[in-house]
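Data from data35.cif: mmCIF, C-alpha atoms
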```cif
data_run
#
loop_
_atom_site.label_atom_id
_atom_site.label_comp_id
_atom_site.auth_asym_id
_atom_site.auth_seq_id
_atom_site.Cartn_x
_atom_site.Cartn_y
_atom_site.Cartn_z
CA MET T 5 -2.77 20.84 -22.43
CA ASN T 6 -3.24 17.81 -24.66
CA PRO T 7 -0.95 15.11 -23.21
CA GLU T 8 0.05 14.01 -26.68
CA SER T 9 1.46 17.49 -27.46
CA ARG T 10 4.10 17.38 -24.73
CA HIS T 11 7.73 17.44 -25.84
CA SER T 12 9.71 14.37 -24.85
CA ALA T 13 13.39 13.65 -24.44
CA LEU T 14 15.61 10.77 -23.37
CA ILE T 15 18.21 12.18 -20.97
CA THR T 16 21.63 10.55 -20.97
CA THR T 17 23.93 13.50 -20.12
CA ASP T 18 24.40 15.61 -16.98
CA LYS T 19 23.95 18.78 -19.03
CA ALA T 20 20.52 17.74 -20.31
CA LEU T 21 19.52 16.60 -16.83
CA ALA T 22 20.58 19.92 -15.27
CA GLN T 23 18.50 21.85 -17.82
CA ALA T 24 15.44 19.67 -17.16
CA ILE T 25 15.84 20.08 -13.40
CA GLU T 26 15.98 23.86 -13.69
CA GLU T 27 12.65 23.80 -15.53
CA MET T 28 11.15 21.38 -12.99
CA ARG T 29 11.93 23.85 -10.21
CA THR T 30 9.36 26.26 -11.69
CA CYS T 31 6.55 23.67 -11.53
CA ALA T 32 4.11 23.15 -8.69
CA VAL T 33 3.23 19.60 -9.79
CA ILE T 34 5.15 16.86 -11.60
CA ALA T 35 4.18 13.26 -12.41
CA VAL T 36 6.73 10.53 -11.66
CA ASP T 37 7.15 6.85 -12.49
CA THR T 38 10.03 4.39 -12.64
CA GLU T 39 10.93 1.23 -14.50
CA PHE T 40 13.03 -1.33 -12.69
CA ILE T 41 14.02 -5.00 -12.44
CA ARG T 42 13.74 -6.84 -9.13
CA GLU T 43 13.11 -10.51 -9.79
CA LYS T 44 16.63 -11.69 -8.87
CA THR T 45 17.75 -9.08 -6.34
CA TYR T 46 16.69 -7.65 -2.98
CA TYR T 47 17.25 -4.09 -4.12
CA ALA T 48 15.57 -3.01 -7.33
CA GLN T 49 17.80 -2.23 -10.30
CA LEU T 50 16.53 1.16 -11.42
CA CYS T 51 16.43 1.33 -15.23
CA LEU T 52 14.45 4.49 -16.03
CA ILE T 53 12.88 7.51 -14.31
CA GLN T 54 10.00 9.18 -16.14
CA ILE T 55 8.86 12.68 -15.22
CA ALA T 56 6.16 14.84 -16.80
CA PHE T 57 6.14 18.56 -16.02
CA GLY T 58 4.77 21.61 -17.81
CA ASP T 59 4.77 20.79 -21.51
CA GLN T 60 7.55 18.20 -21.28
CA VAL T 61 8.20 14.55 -20.59
CA VAL T 62 11.73 13.43 -19.78
CA LEU T 63 13.00 9.87 -19.56
CA ILE T 64 16.09 9.91 -17.35
CA ASP T 65 18.47 7.00 -17.91
CA PRO T 66 20.18 6.03 -14.61
CA LEU T 67 22.29 3.48 -16.49
CA ALA T 68 24.02 6.30 -18.39
CA ASP T 69 26.39 7.18 -15.53
CA LEU T 70 24.52 10.36 -14.63
CA ASP T 71 24.94 12.45 -11.48
CA LEU T 72 21.40 12.05 -10.12
CA ALA T 73 21.95 13.95 -6.86
CA PRO T 74 20.35 17.20 -8.18
CA LEU T 75 17.23 15.21 -9.04
CA GLY T 76 17.05 14.11 -5.42
CA GLN T 77 16.62 17.77 -4.46
CA ILE T 78 13.53 17.91 -6.66
CA MET T 79 12.12 14.77 -5.07
CA SER T 80 12.36 16.27 -1.59
CA ASP T 81 11.41 19.85 -2.57
CA ALA T 82 8.41 20.78 -0.39
CA ALA T 83 7.18 23.25 -3.05
CA ILE T 84 6.77 20.58 -5.76
CA LEU T 85 4.03 17.95 -5.50
CA LYS T 86 5.02 14.55 -6.93
CA VAL T 87 2.12 12.57 -8.41
CA PHE T 88 2.32 8.77 -8.68
CA HIS T 89 -0.08 5.95 -9.50
CA SER T 90 0.37 2.96 -7.20
CA GLY T 91 3.68 4.45 -6.16
CA ARG T 92 4.82 2.34 -3.22
CA GLN T 93 7.70 0.62 -5.00
CA ASP T 94 8.66 3.85 -6.78
CA LEU T 95 8.85 5.63 -3.43
CA GLU T 96 11.00 2.87 -1.92
CA ILE T 97 13.38 2.86 -4.89
CA LEU T 98 13.77 6.64 -4.95
CA TYR T 99 14.35 6.70 -1.19
CA HIS T 100 17.20 4.21 -1.51
CA LEU T 101 18.59 6.15 -4.46
CA PHE T 102 18.57 9.58 -2.81
CA GLY T 103 18.59 8.84 0.91
CA ASP T 104 15.50 10.95 1.67
CA PRO T 105 11.80 10.17 1.24
CA VAL T 106 9.98 11.70 -1.72
CA ALA T 107 7.75 14.50 -0.44
CA PRO T 108 5.11 15.77 -0.80
CA ILE T 109 3.25 13.13 -2.77
CA PHE T 110 -0.18 12.32 -4.23
CA ASP T 111 -1.19 8.83 -5.36
CA THR T 112 -3.99 8.69 -7.91
CA GLN T 113 -4.70 5.01 -7.23
CA SER T 114 -5.64 5.85 -3.64
CA ALA T 115 -7.64 8.86 -4.81
CA ALA T 116 -9.52 6.68 -7.30
CA SER T 117 -10.80 4.49 -4.48
CA LEU T 118 -12.60 7.54 -3.05
CA MET T 119 -14.22 8.21 -6.42
CA GLY T 120 -16.05 4.89 -6.61
CA MET T 121 -13.42 2.95 -8.54
CA PRO T 122 -12.26 -0.51 -7.41
CA ASP T 123 -9.48 -0.87 -4.89
CA GLN T 124 -6.01 -0.89 -6.52
CA VAL T 125 -7.42 0.20 -9.88
CA ALA T 126 -5.00 -0.28 -12.79
CA TYR T 127 -3.40 2.75 -14.39
CA ALA T 128 -4.99 2.12 -17.79
CA THR T 129 -8.45 1.85 -16.19
CA PHE T 130 -7.89 5.05 -14.23
CA ILE T 131 -6.82 6.98 -17.34
CA LYS T 132 -9.83 5.68 -19.24
CA GLN T 133 -12.12 6.95 -16.48
CA MET T 134 -10.41 10.35 -16.19
CA LEU T 135 -9.51 11.16 -19.81
CA ASP T 136 -11.46 8.63 -21.91
CA VAL T 137 -8.17 7.47 -23.45
CA GLU T 138 -7.40 3.83 -24.20
CA LEU T 139 -3.82 2.90 -23.38
CA GLU T 140 -2.03 -0.10 -24.83
CA LYS T 141 -0.21 -1.51 -21.81
CA VAL T 142 2.22 -3.74 -23.67
CA GLY T 143 5.59 -2.81 -22.20
CA SER T 144 5.38 -3.41 -18.46
CA PHE T 145 7.50 -6.59 -18.53
CA SER T 146 10.12 -5.34 -20.97
CA GLN T 147 13.84 -5.89 -20.51
CA TRP T 148 14.33 -2.38 -19.17
CA ALA T 149 18.06 -2.89 -18.50
CA ARG T 150 18.84 -3.42 -22.19
CA ARG T 151 20.13 -0.56 -24.27
CA PRO T 152 19.17 0.97 -26.58
CA LEU T 153 15.53 1.25 -25.52
CA SER T 154 13.07 0.36 -28.25
CA ALA T 155 10.55 2.81 -29.67
CA GLN T 156 7.81 0.77 -28.03
CA GLN T 157 9.49 1.00 -24.62
CA ILE T 158 9.93 4.74 -24.95
CA ALA T 159 6.29 5.23 -25.94
CA TYR T 160 5.14 3.08 -23.00
CA ALA T 161 7.36 4.98 -20.55
CA GLN T 162 6.07 8.34 -21.79
CA GLU T 163 2.44 7.29 -21.44
CA ASP T 164 2.95 6.34 -17.81
CA VAL T 165 3.48 9.98 -16.81
CA THR T 166 2.15 12.21 -19.55
CA TYR T 167 -1.45 11.07 -19.04
CA LEU T 168 -0.98 10.91 -15.28
CA LEU T 169 -0.16 14.60 -15.10
CA ALA T 170 -3.21 15.41 -17.22
CA ALA T 171 -5.50 13.22 -15.08
CA TYR T 172 -4.37 14.62 -11.74
CA PRO T 173 -6.41 17.90 -11.79
CA ILE T 174 -9.50 15.99 -12.92
CA ALA T 175 -9.08 13.59 -10.00
CA LEU T 176 -8.78 16.54 -7.62
CA GLU T 177 -11.93 18.09 -9.06
CA ARG T 178 -13.91 14.88 -8.63
CA LEU T 179 -12.71 14.49 -5.06
CA ALA T 180 -13.72 18.10 -4.36
CA GLU T 181 -17.19 17.46 -5.77
CA ARG T 182 -17.58 14.79 -3.09
CA GLY T 183 -15.98 16.91 -0.37
CA ARG T 184 -13.09 14.43 -0.12
CA GLU T 185 -10.15 16.42 -1.43
CA SER T 186 -8.37 16.40 1.95
CA TRP T 187 -9.31 12.92 3.18
CA LEU T 188 -6.02 11.37 2.08
CA ASP T 189 -3.75 14.12 3.38
CA ASP T 190 -2.69 12.19 6.48
CA GLU T 191 -2.10 9.00 4.50
CA PHE T 192 0.03 10.77 1.89
CA ALA T 193 1.98 12.57 4.61
CA TYR T 194 2.79 9.19 6.18
CA ARG T 195 3.91 7.74 2.83
CA ALA T 196 6.38 10.61 2.55
CA THR T 197 8.25 9.43 5.67
CA LYS T 198 11.14 7.07 6.31
CA ASP T 199 8.85 4.78 8.32
CA TYR T 200 6.91 3.99 5.14
CA VAL T 201 9.73 3.56 2.65
CA ALA T 202 12.69 2.26 4.66
CA ASP T 203 13.68 -1.41 4.70
CA THR T 204 11.84 -3.68 7.08
CA VAL T 205 13.50 -3.65 10.50
CA PRO T 206 15.05 -7.13 10.83
CA GLU T 207 13.47 -7.70 14.25
CA GLN T 208 10.03 -7.03 12.75
CA ALA T 209 10.49 -9.03 9.53
CA TYR T 210 8.80 -12.12 11.00
CA ARG T 211 5.47 -10.31 11.05
CA PHE T 212 5.37 -10.42 7.25
CA VAL T 213 6.07 -14.14 6.94
CA LYS T 214 3.14 -16.09 5.50
CA ARG T 215 1.24 -18.17 8.09
CA VAL T 216 3.33 -16.86 10.99
CA SER T 217 0.10 -16.23 12.92
CA SER T 218 -0.40 -20.01 13.08
CA LEU T 219 2.64 -20.38 15.36
CA SER T 220 2.70 -20.63 19.14
CA PRO T 221 4.47 -17.79 21.02
CA ARG T 222 7.63 -19.90 21.45
CA GLN T 223 7.63 -20.89 17.80
CA ALA T 224 7.06 -17.24 16.86
CA ALA T 225 10.16 -16.32 18.89
CA VAL T 226 12.19 -18.72 16.75
CA ALA T 227 10.57 -17.30 13.61
CA ARG T 228 11.51 -13.79 14.73
CA GLU T 229 15.18 -14.70 15.05
CA VAL T 230 15.36 -16.70 11.82
CA ALA T 231 13.47 -14.03 9.85
CA ALA T 232 15.79 -11.34 11.21
CA TRP T 233 18.80 -13.32 10.02
CA ARG T 234 17.14 -13.82 6.62
CA GLN T 235 16.41 -10.09 6.27
CA ILE T 236 19.98 -9.09 7.05
CA GLU T 237 21.38 -11.77 4.76
CA ALA T 238 19.05 -10.77 1.90
CA MET T 239 20.23 -7.17 2.16
CA ARG T 240 23.90 -8.22 2.39
CA ALA T 241 23.74 -10.63 -0.55
CA ASP T 242 21.25 -8.46 -2.53
CA LEU T 243 18.99 -11.45 -3.09
CA PRO T 244 15.22 -11.79 -2.69
CA ARG T 245 14.24 -13.13 0.74
CA ARG T 246 12.70 -16.22 -0.85
CA ARG T 247 16.09 -17.04 -2.40
CA ILE T 248 17.69 -16.93 1.04
CA LEU T 249 14.98 -18.99 2.74
CA PRO T 250 11.37 -19.52 1.56
CA ASP T 251 8.57 -18.59 3.94
CA GLU T 252 7.35 -22.18 4.00
CA SER T 253 10.74 -23.44 5.15
CA LEU T 254 11.03 -20.68 7.74
CA ILE T 255 7.69 -21.70 9.26
CA GLU T 256 8.72 -25.37 9.29
CA ILE T 257 12.01 -24.51 11.01
CA SER T 258 10.09 -22.50 13.62
CA ARG T 259 7.86 -25.49 14.34
CA LYS T 260 10.54 -28.21 14.37
CA GLN T 261 13.27 -26.06 15.98
CA PRO T 262 16.13 -28.24 14.67
CA THR T 263 19.24 -28.64 16.81
CA SER T 264 21.66 -30.21 14.32
CA PRO T 265 22.65 -29.77 10.67
CA ALA T 266 20.99 -33.09 9.83
CA SER T 267 17.65 -32.09 11.35
CA LEU T 268 17.82 -28.68 9.67
CA HIS T 269 18.60 -30.20 6.27
CA SER T 270 15.51 -32.40 6.57
CA VAL T 271 13.30 -29.31 6.26
CA ARG T 272 11.58 -29.19 2.87
CA GLY T 273 12.40 -26.39 0.47
CA LEU T 274 15.73 -25.48 2.01
CA GLY T 275 17.71 -23.93 -0.84
CA GLN T 276 21.43 -23.91 -1.51
CA HIS T 277 21.95 -20.53 0.12
CA ALA T 278 20.38 -21.69 3.38
CA MET T 279 22.31 -24.97 3.25
CA THR T 280 25.58 -23.03 3.18
CA HIS T 281 24.49 -20.98 6.21
CA THR T 282 23.47 -23.90 8.42
CA GLN T 283 25.28 -22.67 11.52
CA GLN T 284 23.80 -19.17 11.34
CA ILE T 285 20.27 -20.58 11.06
CA LEU T 286 20.83 -23.00 13.96
CA ALA T 287 22.20 -20.11 16.04
CA ALA T 288 19.02 -18.13 15.28
CA VAL T 289 16.90 -21.12 16.36
CA ARG T 290 18.82 -21.35 19.64
CA ALA T 291 18.37 -17.62 20.24
CA GLY T 292 14.62 -17.98 19.76
CA LYS T 293 14.45 -20.88 22.20
CA ARG T 294 16.29 -18.82 24.84
CA VAL T 295 13.83 -15.92 24.76
CA SER T 296 12.23 -15.44 28.18
CA ALA T 297 8.50 -15.99 28.63
CA GLU T 298 7.99 -12.28 29.20
CA GLU T 299 9.63 -11.40 25.88
CA LEU T 300 7.80 -13.91 23.68
CA PRO T 301 6.14 -12.20 20.69
CA GLN T 302 2.36 -11.89 20.84
CA LEU T 303 1.09 -12.12 17.29
CA LYS T 304 -2.57 -12.11 18.16
CA SER T 305 -4.53 -9.56 20.12
CA PRO T 306 -6.64 -10.83 22.99
CA GLU T 307 -9.53 -12.37 21.16
CA LYS T 308 -13.19 -12.31 21.83
CA PRO T 309 -14.82 -15.71 21.57
CA THR T 310 -15.29 -16.68 17.91
CA ALA T 311 -19.00 -16.87 18.62
CA LEU T 312 -18.98 -13.08 19.05
CA ILE T 313 -16.68 -12.22 16.14
CA GLU T 314 -18.77 -13.71 13.33
CA PRO T 315 -22.09 -12.01 14.14
CA THR T 316 -20.27 -8.71 14.75
CA VAL T 317 -18.69 -8.86 11.30
CA LYS T 318 -21.99 -9.81 9.66
CA LEU T 319 -23.81 -6.92 11.33
CA ALA T 320 -21.04 -4.48 10.48
CA THR T 321 -21.01 -5.69 6.86
CA ALA T 322 -24.63 -4.66 6.46
CA LEU T 323 -23.88 -1.13 7.61
CA VAL T 324 -20.75 -0.93 5.46
CA ALA T 325 -22.70 -2.00 2.37
CA ALA T 326 -25.34 0.65 3.02
CA ARG T 327 -22.80 3.42 3.56
CA ALA T 328 -20.70 2.33 0.57
CA LYS T 329 -23.74 2.67 -1.68
CA GLU T 330 -24.57 6.04 -0.13
CA TYR T 331 -21.01 7.32 -0.58
CA GLN T 332 -20.63 5.75 -4.05
CA ILE T 333 -17.52 3.85 -3.05
CA ALA T 334 -16.67 0.15 -3.33
CA PRO T 335 -17.55 -1.70 -0.08
CA ASN T 336 -14.15 -3.40 0.12
CA VAL T 337 -12.46 0.01 -0.22
CA LEU T 338 -14.50 1.44 2.61
CA ALA T 339 -13.97 -1.60 4.85
CA SER T 340 -12.50 -4.89 3.68
CA SER T 341 -13.32 -8.19 5.37
CA ALA T 342 -9.91 -8.17 7.05
CA MET T 343 -10.52 -4.67 8.42
CA LEU T 344 -13.93 -5.67 9.77
CA GLU T 345 -12.53 -8.75 11.47
CA GLU T 346 -9.70 -6.72 12.99
CA PHE T 347 -12.23 -4.16 14.22
CA ALA T 348 -14.48 -6.86 15.67
CA ARG T 349 -11.55 -8.25 17.66
CA THR T 350 -10.01 -4.96 18.76
CA PRO T 351 -12.46 -2.06 18.29
CA ASP T 352 -10.08 0.64 19.50
CA SER T 353 -8.02 3.45 17.98
CA SER T 354 -5.38 1.00 16.68
CA ALA T 355 -7.84 -0.59 14.25
CA GLN T 356 -7.49 0.58 10.64
CA LEU T 357 -11.17 1.51 10.54
CA MET T 358 -10.58 4.00 13.35
CA GLN T 359 -7.94 5.95 11.46
CA GLY T 360 -7.97 8.63 8.76
CA TRP T 361 -10.90 9.04 6.42
CA ARG T 362 -12.34 5.60 7.26
CA LYS T 363 -12.90 6.67 10.86
CA MET T 364 -14.97 9.58 9.63
CA MET T 365 -16.90 7.62 7.00
CA ILE T 366 -17.65 4.42 8.88
CA GLY T 367 -15.45 3.80 11.92
CA ASP T 368 -17.22 5.99 14.46
CA GLU T 369 -20.60 4.66 13.37
CA LEU T 370 -19.41 1.06 13.61
CA SER T 371 -18.08 1.80 17.09
CA ASP T 372 -21.52 3.08 18.13
CA LEU T 373 -23.08 -0.02 16.61
CA ILE T 374 -21.03 -2.56 18.55
CA LYS T 375 -21.34 -0.50 21.75
CA GLY T 376 -25.12 -0.66 21.48
CA LYS T 377 -25.56 3.07 20.95
CA ILE T 378 -27.32 2.55 17.63
CA ALA T 379 -29.23 -0.30 16.01
CA LEU T 380 -29.96 -1.22 12.40
CA PHE T 381 -33.36 -1.68 10.83
CA LEU T 382 -34.82 -1.94 7.34
CA TYR T 383 -36.98 0.91 6.10
CA ASP T 384 -38.17 1.35 2.52
CA GLY T 385 -35.79 -1.40 1.45
CA LYS T 386 -32.74 0.36 2.91
CA VAL T 387 -30.61 -0.23 6.00
CA GLN T 388 -31.23 2.59 8.47
CA THR T 389 -29.86 3.37 11.91
CA VAL T 390 -31.78 4.20 15.05
CA SER T 391 -30.32 5.64 18.24
CA LEU T 392 -30.69 3.81 21.52
CA ASP T 393 -30.96 5.53 24.89
CA ALA T 394 -29.33 4.24 28.08
CA LYS T 395 -32.25 1.86 28.63
CA GLY T 396 -31.95 0.41 25.18
CA GLN T 397 -35.20 1.97 23.97
CA ALA T 398 -35.35 3.15 20.35
CA LEU T 399 -35.14 6.90 19.82
CA LEU T 400 -36.10 7.20 16.18
CA ASN T 401 -34.15 9.54 13.93
CA ARG T 402 -36.81 12.23 13.57
CA GLU T 403 -35.31 13.83 10.48
CA LYS T 404 -35.43 10.59 8.52
CA TRP T 405 -39.00 9.99 9.54
CA ARG T 406 -39.95 13.60 8.70
CA ASN T 407 -38.65 13.04 5.18
CA ALA T 408 -40.52 9.74 4.79
CA PRO T 409 -43.78 9.57 2.76
CA SER T 410 -46.79 10.60 4.87
CA GLN T 411 -48.56 7.27 4.46
CA GLU T 412 -45.53 5.47 5.87
CA LYS T 413 -45.47 7.75 8.94
CA GLU T 414 -49.05 7.09 9.86
#
```

Represent the structure from my file as structure tokens, please.
Amino acid sequence: MNPESRHSALITTDKALAQAIEEMRTCAVIAVDTEFIREKTYYAQLCLIQIAFGDQVVLIDPLADLDLAPLGQIMSDAAILKVFHSGRQDLEILYHLFGDPVAPIFDTQSAASLMGMPDQVAYATFIKQMLDVELEKVGSFSQWARRPLSAQQIAYAQEDVTYLLAAYPIALERLAERGRESWLDDEFAYRATKDYVADTVPEQAYRFVKRVSSLSPRQAAVAREVAAWRQIEAMRADLPRRRILPDESLIEISRKQPTSPASLHSVRGLGQHAMTHTQQILAAVRAGKRVSAEELPQLKSPEKPTALIEPTVKLATALVAARAKEYQIAPNVLASSAMLEEFARTPDSSAQLMQGWRKMMIGDELSDLIKGKIALFLYDGKVQTVSLDAKGQALLNREKWRNAPSQEKE
């Protein structure tokens, strides 16, 4: 169906919503997007839910005092696949709205990365590649909480799902052509769980603080307590974490470990909210200082000497580049620099490169490389691998040599 021929409707009554939901129940696939405001709050203010299904597009207005509970049943219906593009925030918002994760799901941005597109490809770029349609993305920063919605806002909101639903089967077909249609199944299954969409556990919030890895274990214990307080306070006050206490100030507090209001107030960047919660922050600092040596957080894995990390990453990068070209996928999608460094430090099953489709495409081969089971060499201008026996002698890949030009074999 031509996306532009879909019927559209702005839903502001329970009756219209109930009718749309009944029709959604007959569909195997729907496309979903949301518009929201989050700049000044911890929890997003949901302003619009867009859904494309069959020959329709509906824009559901959550500000119209609707009973949205029946829509939650659609979002958790195992028989209906929900398609998103870069849907992390949408999934989090819908989870908080309905109390259950959206499932099952498919994210076209992730799928695009397995089709040779850049990592985190924009929606407009993805639609251009799939449907050869140019979208005018001019409404993303609109005042979505204002009513009535403008004609431009409505057109923008419709585009976000109507073309997504049309592009989805094409994306599936292109993945199937590469034999990759099931490679993201585990990842999508994980994104449809509470672990993925629920709020950060306060005790783990410190791990997401910028530059926390630069702290000593004792300082990290203080950061853990202060960040946990900040997380709880942000949720209670419905304010962004940075409004409660900026990351930079949290790190400085963890280093200085102030013991008095005066010493705390000397920390740069301390905002008004933190100033009014001086005693709570000082109590968190004291709690961090009391943590026993055995319970100190360990932010870094046992490291190999830096002298071994750098050459390992460089060698692995060469193999990644070769495989990325072979698989027609962006090198940073296959294995980013951060993934390679993590793998060089801890080349076990916990590394991201040893999970999911990356393990199959590159992880196992990288593991063989750093264990000395294979070696790299250049042949005909390309990076090739050669197996090594227990004595470290080269056992050439006979099939590759059989396929080489006869004059090269001689």

On this file, the PyMOL selection byres ((chain T and resi 164-173) around 8) gives some set of residues; write that set as a PyMOL selection string. chain T and resi 5-8+10+34-37+54-57+61+87-89+112+131+134-135+160-163+174-177

So what does the PyMOL selection byres ((chain T and resi 232) around 8) actually pick up in this one, as a PyMOL selection string? chain T and resi 206-210+228-231+233-236

Test item: residues at most 12 Å from range 252-267 of chain T, all atoms listed in the file, excluding those fewer than 3 positions along its chain, as a PyMOL selection string: chain T and resi 209-235+245-249+270-275+278-294

Quick one: of T:Ala326, T:Ile333, T:Glu346, T:Ile25, who's nearest to Glu314 in chain T, counting all atoms listed in the file?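 Using all atoms listed in the file, the shortest distance to Glu314 in chain T belongs to T:Glu346.
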
Assuming the chain letters and numbering stay as they are in my file, what does the PyMOL selection byres ((chain T and resi 188) around 12) actually select? List them as a PyMOL selection string. chain T and resi 109-118+176+179+183-187+189-195+359-362+364

Keeping C-alpha atoms, export the residues of the selection given above as a compact mmCIF listing (two decimals), keeping the file's coordinate frame.
```txt
# COMPACT_ATOMS: atom_id res chain seq x y z
CA ILE T 109 3.25 13.13 -2.77
CA PHE T 110 -0.18 12.32 -4.23
CA ASP T 111 -1.19 8.83 -5.36
CA THR T 112 -3.99 8.69 -7.91
CA GLN T 113 -4.70 5.01 -7.23
CA SER T 114 -5.64 5.85 -3.64
CA ALA T 115 -7.64 8.86 -4.81
CA ALA T 116 -9.52 6.68 -7.30
CA SER T 117 -10.80 4.49 -4.48
CA LEU T 118 -12.60 7.54 -3.05
CA LEU T 176 -8.78 16.54 -7.62
CA LEU T 179 -12.71 14.49 -5.06
CA GLY T 183 -15.98 16.91 -0.37
CA ARG T 184 -13.09 14.43 -0.12
CA GLU T 185 -10.15 16.42 -1.43
CA SER T 186 -8.37 16.40 1.95
CA TRP T 187 -9.31 12.92 3.18
CA ASP T 189 -3.75 14.12 3.38
CA ASP T 190 -2.69 12.19 6.48
CA GLU T 191 -2.10 9.00 4.50
CA PHE T 192 0.03 10.77 1.89
CA ALA T 193 1.98 12.57 4.61
CA TYR T 194 2.79 9.19 6.18
CA ARG T 195 3.91 7.74 2.83
CA GLN T 359 -7.94 5.95 11.46
CA GLY T 360 -7.97 8.63 8.76
CA TRP T 361 -10.90 9.04 6.42
CA ARG T 362 -12.34 5.60 7.26
CA MET T 364 -14.97 9.58 9.63
```

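For the pair CA of Ala149 in chain T and CA of Gly103 in chain T, the separation is 22.7 Å.
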
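For the pair CA of Leu63 in chain T and CA of Arg178 in chain T, the separation is 29.5 Å.
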
If the box runs along x, y and z of the file and leaves 3 Å on each side of range 323-331 of chain T, what are its centre and edge lengths in Å, one decimal, as AutoDock Vina command-line options?
```
--center_x -23.0 --center_y 2.7 --center_z 3.0 --size_x 10.6 --size_y 15.3 --size_z 15.3
```

Which residue out of T:Gln276, T:Ser353, T:Thr16, T:Thr197 has the minimum interatomic distance to Asp104 in chain T when all atoms listed in the file are used? T:Thr197

For CA of Pro105 in chain T and CA of Arg92 in chain T, the interatomic separation in Å (one decimal):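 Pair CA of Pro105 in chain T / CA of Arg92 in chain T returns 11.4 Å.
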
Which of these, T:Asp203, T:Asp368, T:Asp384, T:Asp352, has the shortest distance to Leu323 in chain T once you count all atoms listed in the file?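 Smallest separation from Leu323 in chain T among the options: T:Asp368.
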